[in-house]
Amino acid sequence: MYGGKVETTNELAGEAVVTIRSAEWPQAEGTGDASIEAFDADIDEDAIGSTVTGFEEVAGGDVDISEAELLVSIGRGIEEEENLDLIRDLADALGATLSSSRPIVDNGWLPKNRQVGQSGKVVTPDVYIAIGISGAVQHVAGMKGSDTIVAINTDPNAPIMDIADYAIVDDLFDVVPELIDKFQ
């Protein structure tokens, strides 16, 4: 609830509609035996405060980041688009898939299918390397299920550091070239 800030347990009485974010829990094994029954909902049209005017499907793109086992994800800390090449070199050296936080997509530096977070994709890789990502609640909601989180950030108090399994407090422009050298 509230963009991942609060977790609750709710008990429902009577008929209800429940929605769950994809990849929030591991996929269940096998199939269940729950009965599904259609019903007519009695909705007061005047009480609805919004209207759906259309649906635009995001292009599939070249990769599905939700299937990646190792993600290298970038945020505002890379400062400018030209610095993407450095991060791509790291992703190549690691055999990782490149993803990002929303500002990178909003700037047009990477396509929407590479965005992690509430308005992007939910990912659960074995390893998630967050480079220059502050860790806004919306981003964390999309990657908190990662098995191992590594954060590289100059700010030791950045929210991403609170959920990281390993935190490197240093300038990414010093750390990333060293990592590339180690893994090439």
# chains A, B, ... in the order shown; residues from 1 in each chain; ligands from 1

$ residues_around --residues "stretch 133-149 of chain A" --least-positions-apart "2" --cutoff "8 Å" --atoms "only C-alpha atoms" --output "VMD selection string"
chain A and resid 3 to 5 24 73 to 77 101 to 102 116 to 131 151 to 153 158 to 161 163 to 166

$ write_last_selection --atoms "C-alpha atoms" --output "PDB file, in the first residue's frame"
ATOM      1  CA  GLY A   3       3.584   2.707  -3.190  1.00  0.00           C
ATOM      2  CA  GLY A   4       5.284   0.042  -1.110  1.00  0.00           C
ATOM      3  CA  LYS A   5       5.730   2.188   2.018  1.00  0.00           C
ATOM      4  CA  GLU A  24       5.301  -9.715  -5.980  1.00  0.00           C
ATOM      5  CA  SER A  73      20.416  -0.553 -13.495  1.00  0.00           C
ATOM      6  CA  ILE A  74      21.236   3.132 -13.771  1.00  0.00           C
ATOM      7  CA  GLY A  75      19.779   6.331 -12.396  1.00  0.00           C
ATOM      8  CA  ARG A  76      20.363  10.075 -12.422  1.00  0.00           C
ATOM      9  CA  GLY A  77      23.853   9.584 -11.032  1.00  0.00           C
ATOM     10  CA  SER A 101      15.079   4.140 -13.160  1.00  0.00           C
ATOM     11  CA  ARG A 102      12.347   6.370 -14.574  1.00  0.00           C
ATOM     12  CA  VAL A 116      12.187  -0.722 -13.362  1.00  0.00           C
ATOM     13  CA  GLY A 117       9.582   0.475 -10.866  1.00  0.00           C
ATOM     14  CA  GLN A 118       5.909   1.126 -10.276  1.00  0.00           C
ATOM     15  CA  SER A 119       5.443   2.713 -13.678  1.00  0.00           C
ATOM     16  CA  GLY A 120       7.886   0.271 -15.276  1.00  0.00           C
ATOM     17  CA  LYS A 121       8.505  -3.434 -14.735  1.00  0.00           C
ATOM     18  CA  VAL A 122       8.737  -5.489 -11.574  1.00  0.00           C
ATOM     19  CA  VAL A 123      11.990  -7.455 -11.626  1.00  0.00           C
ATOM     20  CA  THR A 124      13.323 -10.244  -9.410  1.00  0.00           C
ATOM     21  CA  PRO A 125      16.824 -11.045 -10.661  1.00  0.00           C
ATOM     22  CA  ASP A 126      19.410 -13.052  -8.759  1.00  0.00           C
ATOM     23  CA  VAL A 127      21.580  -9.899  -8.656  1.00  0.00           C
ATOM     24  CA  TYR A 128      20.462  -6.282  -9.074  1.00  0.00           C
ATOM     25  CA  ILE A 129      23.232  -3.681  -9.334  1.00  0.00           C
ATOM     26  CA  ALA A 130      21.881  -0.157  -8.773  1.00  0.00           C
ATOM     27  CA  ILE A 131      24.307   2.471 -10.061  1.00  0.00           C
ATOM     28  CA  ALA A 151      24.195  -0.275  -4.647  1.00  0.00           C
ATOM     29  CA  ILE A 152      26.831   2.168  -5.855  1.00  0.00           C
ATOM     30  CA  ASN A 153      26.132   5.717  -4.710  1.00  0.00           C
ATOM     31  CA  ALA A 158      20.386   7.339  -0.050  1.00  0.00           C
ATOM     32  CA  PRO A 159      17.293   5.162   0.485  1.00  0.00           C
ATOM     33  CA  ILE A 160      18.725   2.455  -1.807  1.00  0.00           C
ATOM     34  CA  MET A 161      21.455   1.874   0.788  1.00  0.00           C
ATOM     35  CA  ILE A 163      17.763  -2.195   1.194  1.00  0.00           C
ATOM     36  CA  ALA A 164      21.135  -3.028  -0.380  1.00  0.00           C
ATOM     37  CA  ASP A 165      22.859  -6.263   0.611  1.00  0.00           C
ATOM     38  CA  TYR A 166      26.148  -4.660  -0.458  1.00  0.00           C
TER      39      TYR A 166
END

$ select_by_dssp --residues "stretch 18-120 of chain A" --states "helix (DSSP H, G or I)" --output "ChimeraX atom specification"
/A:45-47,65-67,76-78,81-94,102-106,112-114

$ atom_distance --atom1 "atom CA of A:Leu90" --atom2 "atom CA of A:Glu67"
19.1 Å

$ atom_distance --atom1 "atom CA of A:Ile87" --atom2 "atom CA of A:Val176"
7.4 Å

$ atom_distance --atom1 "atom CA of A:Ala16" --atom2 "atom CA of A:Gly32"
19.1 Å

$ select_by_dssp --residues "chain A" --states "strand (DSSP E or B)" --output "list in words"
Leu70, Leu71, Val72, Ser73, Ile74, Thr97, Leu98, Ser99, Ser100, Gln115, Val116, Lys121, Val127, Tyr128, Ile129, Ala130, Ile131, Thr148, Ile149, Val150, Ala151, Ile152, Asn153, Tyr166, Ala167, Ile168 and Val169 of chain A

$ closest_residue --among "A:Asn83, A:Ser50, A:Gln115, A:Thr97" --to "A:Glu69" --atoms "only C-alpha atoms"
A:Thr97

$ residues_around --residues "A:Ala93" --least-positions-apart "5" --cutoff "12 Å" --atoms "only C-alpha atoms" --output "VMD selection string"
chain A and resid 70 72 86 to 88 98 176 to 184

$ decode --residues "stretch 5-19 of chain A" --atoms "all heavy atoms" --output "tab-separated table (two decimals), in the first residue's frame"
chain	number	residue	atom	x	y	z
A	5	LYS	N	5.27	1.66	0.73
A	5	LYS	CA	5.73	2.19	2.02
A	5	LYS	C	5.18	1.39	3.20
A	5	LYS	O	5.77	1.37	4.26
A	5	LYS	CB	5.31	3.65	2.18
A	5	LYS	CG	6.05	4.60	1.28
A	5	LYS	CD	5.60	6.02	1.54
A	5	LYS	CE	6.30	6.98	0.60
A	5	LYS	NZ	5.85	8.34	0.78
A	6	VAL	N	4.02	0.76	3.01
A	6	VAL	CA	3.33	0.06	4.09
A	6	VAL	C	2.88	-1.30	3.59
A	6	VAL	O	2.39	-1.42	2.47
A	6	VAL	CB	2.09	0.87	4.56
A	6	VAL	CG1	1.34	0.13	5.64
A	6	VAL	CG2	2.48	2.25	5.03
A	7	GLU	N	3.05	-2.32	4.42
A	7	GLU	CA	2.50	-3.63	4.11
A	7	GLU	C	1.39	-3.90	5.12
A	7	GLU	O	1.53	-3.60	6.30
A	7	GLU	CB	3.58	-4.70	4.20
A	7	GLU	CG	4.58	-4.60	3.08
A	7	GLU	CD	5.54	-5.76	3.05
A	7	GLU	OE1	5.24	-6.82	3.62
A	7	GLU	OE2	6.60	-5.60	2.44
A	8	THR	N	0.29	-4.45	4.64
A	8	THR	CA	-0.85	-4.71	5.51
A	8	THR	C	-1.38	-6.12	5.31
A	8	THR	O	-1.11	-6.76	4.31
A	8	THR	CB	-2.01	-3.74	5.22
A	8	THR	OG1	-2.49	-3.98	3.91
A	8	THR	CG2	-1.59	-2.30	5.36
A	9	THR	N	-2.13	-6.57	6.29
A	9	THR	CA	-2.90	-7.81	6.17
A	9	THR	C	-4.35	-7.40	6.28
A	9	THR	O	-4.74	-6.71	7.23
A	9	THR	CB	-2.53	-8.79	7.31
A	9	THR	OG1	-1.13	-9.07	7.22
A	9	THR	CG2	-3.33	-10.07	7.18
A	10	ASN	N	-5.14	-7.79	5.30
A	10	ASN	CA	-6.55	-7.41	5.28
A	10	ASN	C	-7.42	-8.65	5.30
A	10	ASN	O	-7.06	-9.67	4.72
A	10	ASN	CB	-6.88	-6.61	4.01
A	10	ASN	CG	-6.12	-5.32	3.94
A	10	ASN	OD1	-6.11	-4.55	4.88
A	10	ASN	ND2	-5.45	-5.09	2.82
A	11	GLU	N	-8.54	-8.55	5.97
A	11	GLU	CA	-9.52	-9.64	5.98
A	11	GLU	C	-10.76	-9.13	5.27
A	11	GLU	O	-11.26	-8.06	5.58
A	11	GLU	CB	-9.85	-10.04	7.42
A	11	GLU	CG	-10.77	-11.23	7.48
A	11	GLU	CD	-10.98	-11.69	8.92
A	11	GLU	OE1	-9.99	-11.68	9.69
A	11	GLU	OE2	-12.11	-12.03	9.25
A	12	LEU	N	-11.20	-9.89	4.28
A	12	LEU	CA	-12.35	-9.47	3.49
A	12	LEU	C	-13.57	-10.29	3.86
A	12	LEU	O	-13.48	-11.51	4.01
A	12	LEU	CB	-12.05	-9.64	2.00
A	12	LEU	CG	-10.80	-8.91	1.50
A	12	LEU	CD1	-10.50	-9.29	0.06
A	12	LEU	CD2	-10.99	-7.41	1.62
A	13	ALA	N	-14.70	-9.63	3.98
A	13	ALA	CA	-15.96	-10.32	4.25
A	13	ALA	C	-16.87	-10.08	3.07
A	13	ALA	O	-17.03	-8.95	2.62
A	13	ALA	CB	-16.59	-9.79	5.53
A	14	GLY	N	-17.43	-11.13	2.53
A	14	GLY	CA	-18.32	-10.98	1.39
A	14	GLY	C	-17.56	-10.94	0.08
A	14	GLY	O	-16.40	-11.31	0.00
A	15	GLU	N	-18.24	-10.45	-0.96
A	15	GLU	CA	-17.63	-10.41	-2.28
A	15	GLU	C	-16.61	-9.29	-2.36
A	15	GLU	O	-16.79	-8.21	-1.79
A	15	GLU	CB	-18.70	-10.22	-3.34
A	15	GLU	CG	-19.65	-11.42	-3.43
A	15	GLU	CD	-20.73	-11.21	-4.47
A	15	GLU	OE1	-20.77	-10.14	-5.11
A	15	GLU	OE2	-21.55	-12.13	-4.63
A	16	ALA	N	-15.52	-9.56	-3.08
A	16	ALA	CA	-14.46	-8.56	-3.21
A	16	ALA	C	-13.68	-8.81	-4.49
A	16	ALA	O	-13.72	-9.90	-5.05
A	16	ALA	CB	-13.52	-8.63	-2.02
A	17	VAL	N	-12.99	-7.79	-4.93
A	17	VAL	CA	-12.08	-7.91	-6.05
A	17	VAL	C	-10.69	-7.63	-5.50
A	17	VAL	O	-10.48	-6.64	-4.80
A	17	VAL	CB	-12.42	-6.90	-7.17
A	17	VAL	CG1	-11.39	-6.94	-8.27
A	17	VAL	CG2	-13.82	-7.18	-7.72
A	18	VAL	N	-9.75	-8.52	-5.79
A	18	VAL	CA	-8.40	-8.37	-5.27
A	18	VAL	C	-7.44	-8.32	-6.44
A	18	VAL	O	-7.54	-9.13	-7.37
A	18	VAL	CB	-8.03	-9.56	-4.35
A	18	VAL	CG1	-6.60	-9.44	-3.85
A	18	VAL	CG2	-9.00	-9.65	-3.19
A	19	THR	N	-6.51	-7.37	-6.42
A	19	THR	CA	-5.48	-7.31	-7.45
A	19	THR	C	-4.11	-7.43	-6.78
A	19	THR	O	-3.91	-6.94	-5.67
A	19	THR	CB	-5.54	-6.00	-8.26
A	19	THR	OG1	-5.28	-4.90	-7.37
A	19	THR	CG2	-6.89	-5.81	-8.92
